[in-house]
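Q: Supplied structure: entry_25.cif, mmCIF, C-alpha atoms and all ligand atoms.
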data_start
loop_
_atom_site.label_atom_id
_atom_site.label_comp_id
_atom_site.auth_asym_id
_atom_site.auth_seq_id
_atom_site.Cartn_x
_atom_site.Cartn_y
_atom_site.Cartn_z
CA MET A 1 -82.35 -45.30 -40.92
CA LYS A 2 -86.16 -45.35 -41.04
CA PRO A 3 -87.97 -47.98 -38.94
CA SER A 4 -88.92 -51.30 -40.58
CA ILE A 5 -92.51 -52.38 -41.11
CA PHE A 6 -91.74 -55.73 -42.76
CA LYS A 7 -90.70 -58.80 -40.80
CA ASN A 8 -88.79 -60.09 -43.82
CA LYS A 9 -85.52 -58.16 -44.31
CA GLU A 10 -85.34 -58.76 -48.08
CA THR A 11 -88.89 -57.39 -48.52
CA GLN A 12 -87.97 -54.32 -46.45
CA TYR A 13 -84.82 -53.87 -48.56
CA LEU A 14 -86.80 -53.92 -51.83
CA PHE A 15 -89.43 -51.55 -50.42
CA ASP A 16 -86.70 -49.12 -49.26
CA ARG A 17 -84.83 -49.37 -52.57
CA ASP A 18 -87.74 -49.18 -55.02
CA GLY A 19 -90.44 -47.34 -53.07
CA TYR A 20 -92.76 -50.34 -53.47
CA VAL A 21 -92.79 -54.10 -53.26
CA VAL A 22 -95.22 -56.78 -54.51
CA ILE A 23 -95.92 -59.79 -52.29
CA ASP A 24 -98.37 -62.68 -52.08
CA PHE A 25 -100.77 -61.44 -49.41
CA ILE A 26 -104.25 -63.00 -49.18
CA SER A 27 -106.00 -65.62 -51.32
CA ALA A 28 -108.06 -64.71 -54.38
CA ASP A 29 -111.13 -66.00 -52.49
CA GLU A 30 -110.43 -63.70 -49.54
CA ALA A 31 -109.96 -60.76 -51.93
CA SER A 32 -113.30 -61.44 -53.58
CA ALA A 33 -114.97 -61.86 -50.15
CA ILE A 34 -113.82 -58.31 -49.33
CA GLY A 35 -114.88 -57.14 -52.79
CA LYS A 36 -118.38 -58.51 -52.17
CA LYS A 37 -118.84 -55.77 -49.54
CA PHE A 38 -118.23 -53.18 -52.27
CA TYR A 39 -121.03 -54.62 -54.42
CA ASP A 40 -123.34 -54.88 -51.37
CA LEU A 41 -122.75 -51.21 -50.57
CA HIS A 42 -122.89 -49.87 -54.15
CA SER A 43 -126.06 -50.80 -55.98
CA GLU A 44 -124.85 -48.79 -59.00
CA LEU A 45 -121.32 -48.96 -60.34
CA PRO A 46 -119.52 -45.61 -59.82
CA LYS A 47 -118.25 -43.87 -62.95
CA GLY A 48 -114.58 -43.17 -63.78
CA PHE A 49 -112.13 -43.53 -60.90
CA TYR A 50 -113.88 -43.84 -57.55
CA SER A 51 -112.64 -44.03 -53.98
CA ALA A 52 -115.04 -44.81 -51.12
CA ALA A 53 -112.86 -42.43 -49.05
CA PHE A 54 -114.58 -39.49 -50.83
CA SER A 55 -117.77 -40.26 -48.90
CA SER A 56 -118.72 -38.09 -45.91
CA ASP A 57 -120.55 -41.06 -44.34
CA ASP A 58 -118.33 -42.30 -41.48
CA THR A 59 -120.52 -45.34 -40.77
CA PHE A 60 -120.29 -46.51 -44.38
CA LYS A 61 -116.50 -46.16 -44.32
CA GLN A 62 -116.21 -47.88 -40.92
CA GLU A 63 -118.17 -50.83 -42.27
CA ILE A 64 -115.65 -51.23 -45.12
CA PHE A 65 -112.73 -50.98 -42.68
CA ASP A 66 -114.17 -53.48 -40.17
CA HIS A 67 -115.00 -56.00 -42.89
CA THR A 68 -111.56 -55.72 -44.53
CA LYS A 69 -109.69 -55.79 -41.22
CA LYS A 70 -111.27 -59.10 -40.20
CA ILE A 71 -109.93 -60.73 -43.37
CA PHE A 72 -106.59 -58.87 -43.47
CA ASP A 73 -105.62 -59.36 -39.80
CA SER A 74 -103.95 -62.74 -40.12
CA ALA A 75 -101.85 -61.76 -43.19
CA MET A 76 -101.00 -58.39 -41.58
CA SER A 77 -99.55 -60.00 -38.47
CA LYS A 78 -97.54 -62.53 -40.53
CA ILE A 79 -95.97 -59.91 -42.80
CA PHE A 80 -95.75 -56.63 -40.90
CA THR A 81 -94.29 -55.50 -37.61
CA ASP A 82 -94.46 -52.35 -35.48
CA TYR A 83 -97.12 -50.61 -37.56
CA LYS A 84 -100.34 -48.64 -37.13
CA ILE A 85 -103.27 -49.15 -39.49
CA LEU A 86 -104.81 -45.98 -40.91
CA GLY A 87 -108.00 -47.36 -42.43
CA SER A 88 -109.33 -48.99 -45.54
CA THR A 89 -111.14 -48.07 -48.72
CA PHE A 90 -112.18 -49.37 -52.14
CA LEU A 91 -110.76 -48.01 -55.39
CA CYS A 92 -112.93 -48.82 -58.39
CA LYS A 93 -111.84 -48.06 -61.94
CA SER A 94 -114.80 -48.40 -64.27
CA PRO A 95 -114.34 -49.05 -67.99
CA GLY A 96 -113.53 -45.92 -70.00
CA GLU A 97 -111.04 -43.09 -70.38
CA ALA A 98 -112.30 -41.24 -67.26
CA GLY A 99 -110.80 -43.92 -64.98
CA LYS A 100 -107.23 -42.88 -65.82
CA VAL A 101 -105.17 -41.78 -62.78
CA GLY A 102 -102.48 -39.25 -63.70
CA VAL A 103 -98.88 -39.15 -62.56
CA HIS A 104 -98.70 -38.30 -58.87
CA GLN A 105 -97.37 -39.04 -55.40
CA ASP A 106 -99.59 -39.45 -52.38
CA TRP A 107 -99.73 -36.77 -49.69
CA SER A 108 -96.97 -36.22 -47.14
CA VAL A 109 -98.66 -37.33 -43.92
CA VAL A 110 -95.67 -38.12 -41.66
CA ASP A 111 -92.30 -36.50 -41.01
CA GLU A 112 -90.54 -38.12 -43.97
CA SER A 113 -87.07 -37.30 -42.62
CA LYS A 114 -87.74 -40.02 -40.02
CA PHE A 115 -90.63 -42.15 -41.31
CA TYR A 116 -92.66 -43.07 -44.39
CA SER A 117 -96.34 -43.81 -44.93
CA ALA A 118 -97.67 -46.58 -47.13
CA THR A 119 -100.70 -48.10 -48.85
CA ILE A 120 -101.33 -51.81 -49.26
CA TRP A 121 -103.07 -52.03 -52.67
CA VAL A 122 -104.80 -55.37 -53.24
CA PRO A 123 -106.73 -56.06 -56.47
CA THR A 124 -109.83 -58.25 -56.26
CA ILE A 125 -109.30 -59.27 -59.91
CA ASP A 126 -106.07 -59.80 -61.84
CA THR A 127 -104.71 -56.49 -63.13
CA SER A 128 -102.90 -55.72 -66.39
CA GLU A 129 -102.14 -52.69 -68.55
CA GLU A 130 -105.54 -53.36 -70.18
CA ASN A 131 -107.67 -52.91 -67.04
CA GLY A 132 -105.60 -50.32 -65.15
CA ALA A 133 -102.70 -51.98 -63.33
CA LEU A 134 -100.49 -49.63 -61.32
CA ARG A 135 -97.58 -47.95 -63.08
CA VAL A 136 -94.60 -46.87 -61.02
CA LEU A 137 -91.22 -45.18 -61.35
CA PRO A 138 -88.96 -47.38 -59.20
CA GLY A 139 -86.70 -45.46 -56.81
CA SER A 140 -88.54 -42.15 -57.36
CA HIS A 141 -89.52 -41.90 -53.68
CA LEU A 142 -85.95 -40.67 -53.12
CA PHE A 143 -85.90 -38.06 -55.92
CA PHE A 144 -86.99 -35.09 -53.77
CA ASP A 145 -88.52 -34.31 -50.40
CA PHE A 146 -90.98 -31.52 -51.25
CA LEU A 147 -94.28 -31.25 -49.41
CA ARG A 148 -97.23 -33.04 -51.02
CA SER A 149 -100.86 -32.21 -50.45
CA PRO A 150 -104.02 -31.99 -52.55
CA ASN A 151 -103.53 -28.27 -53.13
CA ILE A 152 -99.73 -27.99 -53.52
CA PRO A 153 -98.66 -28.48 -57.17
CA PHE A 154 -96.14 -31.22 -57.93
CA CYS A 155 -92.67 -30.07 -58.95
CA TYR A 156 -93.10 -32.12 -62.17
CA HIS A 157 -96.57 -30.93 -63.14
CA ASP A 158 -95.41 -29.92 -66.65
CA ASN A 159 -93.35 -33.06 -67.24
CA GLU A 160 -95.80 -35.87 -66.62
CA GLN A 161 -95.24 -37.55 -69.98
CA LEU A 162 -91.50 -37.86 -69.32
CA LEU A 163 -92.26 -39.64 -66.06
CA LEU A 164 -94.95 -41.81 -67.60
CA ASP A 165 -92.60 -42.90 -70.39
CA ASN A 166 -90.09 -44.10 -67.81
CA MET A 167 -92.52 -45.98 -65.57
CA ILE A 168 -93.07 -49.70 -65.49
CA THR A 169 -96.49 -51.38 -65.40
CA VAL A 170 -96.90 -53.93 -62.62
CA PRO A 171 -99.46 -56.62 -63.52
CA MET A 172 -100.80 -58.46 -60.45
CA LYS A 173 -102.84 -61.45 -59.41
CA SER A 174 -105.93 -60.99 -57.30
CA GLY A 175 -104.97 -61.16 -53.59
CA GLN A 176 -101.37 -60.04 -54.13
CA ALA A 177 -100.36 -56.77 -52.47
CA PHE A 178 -98.52 -53.81 -53.96
CA ILE A 179 -97.14 -51.99 -50.94
CA LEU A 180 -96.47 -48.44 -51.97
CA ASN A 181 -94.42 -45.76 -50.22
CA HIS A 182 -96.59 -42.64 -50.55
CA ALA A 183 -93.57 -40.74 -51.90
CA VAL A 184 -93.09 -42.97 -54.96
CA ILE A 185 -94.29 -41.55 -58.32
CA HIS A 186 -97.12 -43.64 -59.73
CA ALA A 187 -100.17 -43.61 -62.03
CA SER A 188 -102.63 -46.01 -63.64
CA SER A 189 -104.04 -46.29 -67.16
CA PRO A 190 -107.69 -46.26 -68.19
CA ASN A 191 -109.60 -49.52 -67.99
CA LYS A 192 -110.03 -50.70 -71.59
CA THR A 193 -111.98 -53.84 -70.66
CA ASP A 194 -115.72 -54.08 -70.03
CA LYS A 195 -115.34 -55.11 -66.35
CA GLU A 196 -114.58 -52.76 -63.47
CA ARG A 197 -111.20 -53.07 -61.74
CA LEU A 198 -111.79 -53.18 -58.00
CA VAL A 199 -108.97 -52.72 -55.47
CA ILE A 200 -108.82 -52.74 -51.66
CA ALA A 201 -106.54 -50.02 -50.26
CA TYR A 202 -105.30 -50.21 -46.66
CA GLY A 203 -103.08 -47.54 -45.10
CA LEU A 204 -100.27 -48.01 -42.63
CA ILE A 205 -97.37 -46.19 -40.97
CA PRO A 206 -94.60 -47.22 -38.55
CA LYS A 207 -95.99 -47.39 -35.01
CA ASP A 208 -94.05 -44.36 -33.72
CA ALA A 209 -94.99 -42.07 -36.60
CA GLU A 210 -97.53 -39.29 -36.03
CA LEU A 211 -99.90 -38.16 -38.76
CA VAL A 212 -99.80 -34.62 -40.16
CA PHE A 213 -101.52 -32.90 -43.05
CA PHE A 214 -100.53 -29.82 -45.09
CA HIS A 215 -103.04 -27.38 -46.51
CA ARG A 216 -102.34 -24.25 -48.55
CA ASN A 217 -104.71 -21.58 -47.24
CA SER A 218 -106.31 -18.67 -49.07
CA SER A 219 -103.36 -16.39 -48.24
CA GLY A 220 -100.98 -18.85 -49.92
CA LYS A 221 -99.37 -20.03 -46.67
CA ILE A 222 -99.10 -23.67 -45.66
CA GLU A 223 -100.96 -24.79 -42.55
CA GLU A 224 -99.61 -27.89 -40.85
CA PHE A 225 -102.14 -29.92 -38.90
CA SER A 226 -101.51 -32.71 -36.43
CA MET A 227 -103.99 -35.45 -37.31
CA PRO A 228 -105.50 -38.39 -35.43
CA ASP A 229 -104.73 -41.94 -36.59
CA ASP A 230 -108.19 -42.19 -38.19
CA PHE A 231 -107.45 -39.19 -40.45
CA PHE A 232 -107.83 -41.20 -43.68
CA GLN A 233 -111.13 -42.67 -42.51
CA ARG A 234 -112.54 -39.20 -41.82
CA TYR A 235 -111.06 -36.74 -44.32
CA TYR A 236 -113.32 -36.51 -47.38
CA ASN A 237 -113.43 -32.85 -48.52
CA VAL A 238 -110.22 -33.34 -50.48
CA GLY A 239 -108.52 -30.10 -51.50
CA GLU A 240 -110.35 -28.15 -48.82
CA ARG A 241 -109.25 -27.20 -45.31
CA PRO A 242 -109.77 -30.21 -43.04
CA LEU A 243 -112.71 -29.95 -40.63
CA PHE A 244 -110.74 -31.56 -37.78
CA GLY A 245 -107.12 -31.81 -36.56
CA ASP A 246 -104.93 -29.39 -34.57
CA LEU A 247 -103.24 -26.54 -36.39
CA ILE A 248 -99.55 -26.69 -35.36
CA LYS A 249 -98.06 -23.94 -37.50
CA GLU A 250 -98.42 -21.78 -40.57
CA PHE A 251 -95.50 -20.97 -42.87
CA GLU A 252 -94.49 -19.57 -46.26
CA TYR A 253 -93.69 -22.23 -48.85
CA LEU A 254 -92.67 -21.67 -52.45
CA SER A 255 -93.71 -24.74 -54.48
CA PRO A 256 -90.53 -25.93 -56.18
CA PHE A 257 -90.50 -26.72 -59.91
CA LEU A 258 -88.00 -28.94 -61.71
CA SER A 259 -87.02 -28.45 -65.35
CA THR A 260 -87.23 -31.30 -67.89
CA THR A 261 -83.42 -31.54 -67.81
CA GLU A 262 -83.33 -31.84 -64.02
CA LEU A 263 -86.00 -34.55 -64.04
CA ALA A 264 -84.35 -36.44 -66.92
CA TYR A 265 -81.10 -36.38 -64.94
CA LEU A 266 -82.78 -37.88 -61.84
CA ILE A 267 -84.39 -40.62 -63.94
CA GLN A 268 -81.17 -41.52 -65.78
CA HIS A 269 -79.13 -41.46 -62.58
CA GLU A 270 -81.57 -43.87 -60.91
CA LYS A 271 -81.51 -46.20 -63.94
CA GLN A 272 -77.70 -46.21 -63.94
CA LYS A 273 -77.63 -46.98 -60.20
CA ARG A 274 -79.92 -49.97 -60.78
CA LYS A 275 -77.87 -51.25 -63.69
CA GLU A 276 -74.72 -51.10 -61.55
CA GLU A 277 -76.45 -52.89 -58.66
CA MET A 278 -77.59 -55.68 -61.02
CA ASN A 279 -74.09 -56.09 -62.45
CA ALA A 280 -72.36 -56.03 -59.04
O1 LIG B 301 -106.03 -47.54 -58.01
C1 LIG B 301 -105.45 -46.87 -58.86
O2 LIG B 301 -105.52 -47.07 -60.07
C2 LIG B 301 -104.55 -45.73 -58.44
C3 LIG B 301 -104.41 -45.62 -56.98
C4 LIG B 301 -103.50 -44.53 -56.57
O3 LIG B 301 -102.84 -43.93 -57.36
C5 LIG B 301 -103.40 -44.16 -55.18
O4 LIG B 301 -104.07 -44.77 -54.34
O5 LIG B 301 -102.65 -43.22 -54.88
#
Please re-express this file's structure in structure tokens.
Ligand SMILES: O=C(O)CCC(=O)C(=O)O
A:
Amino acid sequence: MKPSIFKNKETQYLFDRDGYVVIDFISADEASAIGKKFYDLHSELPKGFYSAAFSSDDTFKQEIFDHTKKIFDSAMSKIFTDYKILGSTFLCKSPGEAGKVGVHQDWSVVDESKFYSATIWVPTIDTSEENGALRVLPGSHLFFDFLRSPNIPFCYHDNEQLLLDNMITVPMKSGQAFILNHAVIHASSPNKTDKERLVIAYGLIPKDAELVFFHRNSSGKIEEFSMPDDFFQRYYNVGERPLFGDLIKEFEYLSPFLSTTELAYLIQHEKQKRKEEMNA
């Protein structure tokens, strides 16, 4: 049994079952007060899909974290328990096709046989399929336990459409939170409106979990690094060897690949399980 991060047992149950849960989190006014910091710090709107985490400027990123934390703190302590915060960023999806985020899972950054890692994703405006709401494949965090990192291919890299076709879109109100297990398969569509879709992302892990990071090196081996709790605040050269952290080990790893039939079986099996749970 993995440790709980939610005070409410039903919320923890849904998060464990589906790989995500949506809750009322902060007010729309609080969300736009955090969003104001984004506009103060970005005189020009970034193009396509943008994350402030890609910046190498630690002070800029710390300012975002400090500002968000002040507003999040009270909701965090009401909803969560026994957690560590990893940092905060902005995710801006500008109008246009380039803002599309393909099918993926987030990196493995804890020992997932014992823990999970999560993102609290809070839109500062209402989200819908039209402006790039999150899409998710419920229950897919339990499909496989392969390593995930920016330079390890996903085992479904040739079957993205199959996954996309089986995902659900989750429209949200500004200030609600989509709490996402990093292992769940998700994506988001392009923003077809003329207004940017701005989201606050806040990372967390159970308090006893330690951060790690996997990097495939030039000889094809995987390097496992032990990372400090501010890893997400500091790591910006995505896809490249991290410039900090302690190398723990190096090992051979053959990236697994699943056939369309294997993936279709996992999806159908999960759907059947859900149907049976609903009818029970
Ligand atoms: O904000 C989005 O549209 C996608 C975010 C996402 O996929 C992620 O943070 O992993």
Q: For range 215-220 of chain A, list every protein, DNA or RNA residue within 8 Å, evaluated using only C-alpha atoms, and leave out those in the same chain fewer than 5 positions away; present the list as a ChimeraX atom specification.
A: /A:149-152,239-241,252
Q: Quick one, how far is CA of Asp106 in chain A from CA of His141 in chain A?
A: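 Result for CA of Asp106 in chain A versus CA of His141 in chain A: 10.4 Å, one decimal.
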Q: So, with only C-alpha atoms and all ligand atoms as the atoms that count, which of A:His42, A:Lys2, A:Lys47, A:Arg135 lies closest to ligand LIG 301 (chain B)?
A: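 Ranking A:His42, A:Lys2, A:Lys47, A:Arg135 by distance to ligand LIG 301 (chain B), first place goes to A:Arg135.
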Q: Using all atoms listed in the file, which residue out of A:Asp57, A:Glu196, A:Asp18, A:Asp111 lies closest to ligand LIG 301 (chain B)?
A: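 Using all atoms listed in the file, ligand LIG 301 (chain B) sits closest to A:Glu196.
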Q: Counting only C-alpha atoms and all ligand atoms, which residue out of A:Phe25, A:Phe225, A:Tyr156, A:Phe49 sits closest to ligand LIG 301 (chain B)?
A: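 Checking each of A:Phe25, A:Phe225, A:Tyr156, A:Phe49 against ligand LIG 301 (chain B), counting only C-alpha atoms and all ligand atoms, the winner is A:Phe49.
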Q: Ligand LIG 301 (chain B): which residues are within 10 Å, counting all atoms listed in the file? Reply as a PyMOL selection string.
A: chain A and resi 49-51+89-93+99-107+118-123+127+131-136+180-191+197-203
Q: When distances are computed from all atoms listed in the file, which of A:Lys173, A:Phe143, A:Ser226, A:Tyr253 shows the smallest separation from Ile267 in chain A?
A: A:Phe143
Q: Pick out the closest residue to Leu254 in chain A from this set: A:Asp29, A:Leu147, A:Gly87, A:Asn279. Count all atoms listed in the file.
A: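 Looking only at the distances to Leu254 in chain A, the closest residue turns out to be A:Leu147.
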Q: Please indicate the distance in Å from CA of Met1 in chain A to CA of Val21 in chain A, rounded to one decimal place.
A: 18.4 Å
Q: Is there a way to get, as an mmCIF file with C-alpha atoms, keeping the file's coordinate frame, all residues within 7 Å of the point (-89.2, -45.9, -55.9) in file coordinates, counting all atoms listed in the file?
A:
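Just written: out11.cif:
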data_model
loop_
_atom_site.group_PDB
_atom_site.id
_atom_site.type_symbol
_atom_site.label_atom_id
_atom_site.label_comp_id
_atom_site.auth_asym_id
_atom_site.auth_seq_id
_atom_site.Cartn_x
_atom_site.Cartn_y
_atom_site.Cartn_z
ATOM 1 C CA ARG A 17 -84.830 -49.370 -52.570
ATOM 2 C CA ASP A 18 -87.740 -49.180 -55.020
ATOM 3 C CA GLY A 19 -90.440 -47.340 -53.070
ATOM 4 C CA TYR A 20 -92.760 -50.340 -53.470
ATOM 5 C CA LEU A 137 -91.220 -45.180 -61.350
ATOM 6 C CA PRO A 138 -88.960 -47.380 -59.200
ATOM 7 C CA GLY A 139 -86.700 -45.460 -56.810
ATOM 8 C CA SER A 140 -88.540 -42.150 -57.360
ATOM 9 C CA HIS A 141 -89.520 -41.900 -53.680
ATOM 10 C CA LEU A 142 -85.950 -40.670 -53.120
ATOM 11 C CA VAL A 184 -93.090 -42.970 -54.960
#
Q: For a cutoff of 12 Å around the file-coordinate point (-95.6, -48.2, -34.9), which residues qualify once you count all atoms listed in the file? I'd like the result as a tab-separated table (two decimals) with C-alpha atoms, in the coordinates of the input.
A:
chain	number	residue	atom	x	y	z
A	2	LYS	CA	-86.16	-45.35	-41.04
A	3	PRO	CA	-87.97	-47.98	-38.94
A	4	SER	CA	-88.92	-51.30	-40.58
A	5	ILE	CA	-92.51	-52.38	-41.11
A	6	PHE	CA	-91.74	-55.73	-42.76
A	80	PHE	CA	-95.75	-56.63	-40.90
A	81	THR	CA	-94.29	-55.50	-37.61
A	82	ASP	CA	-94.46	-52.35	-35.48
A	83	TYR	CA	-97.12	-50.61	-37.56
A	84	LYS	CA	-100.34	-48.64	-37.13
A	85	ILE	CA	-103.27	-49.15	-39.49
A	86	LEU	CA	-104.81	-45.98	-40.91
A	115	PHE	CA	-90.63	-42.15	-41.31
A	116	TYR	CA	-92.66	-43.07	-44.39
A	117	SER	CA	-96.34	-43.81	-44.93
A	204	LEU	CA	-100.27	-48.01	-42.63
A	205	ILE	CA	-97.37	-46.19	-40.97
A	206	PRO	CA	-94.60	-47.22	-38.55
A	207	LYS	CA	-95.99	-47.39	-35.01
A	208	ASP	CA	-94.05	-44.36	-33.72
A	209	ALA	CA	-94.99	-42.07	-36.60
A	210	GLU	CA	-97.53	-39.29	-36.03
A	211	LEU	CA	-99.90	-38.16	-38.76
A	229	ASP	CA	-104.73	-41.94	-36.59
Q: Provide the CA of Lys275 in chain A to CA of Leu163 in chain A distance in Å, to one decimal place.
A: 18.6 Å
Q: Do a neighbour search on Phe244 in chain A at 12 Å with all atoms listed in the file, toss out local chain neighbours closer than 2 positions, and write the hits as a PyMOL selection string.
A: chain A and resi 212-213+225-228+230-232+234-237+240-242+246-247
Q: With only C-alpha atoms as the basis for distance, which of A:Phe178, A:Lys192, A:Ser108, A:Cys155 is at the shortest distance from Glu130 in chain A?
A: A:Lys192
Q: Report as a list in words all protein, DNA and RNA residues lying within 10 Å of Ala33 in chain A, evaluated on all atoms listed in the file, omitting residues in the same chain fewer than 5 positions from it.
A: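 Those residues are Ser27, Ala28, Phe38, His67, Thr68, Ile71 and Thr124 of chain A.
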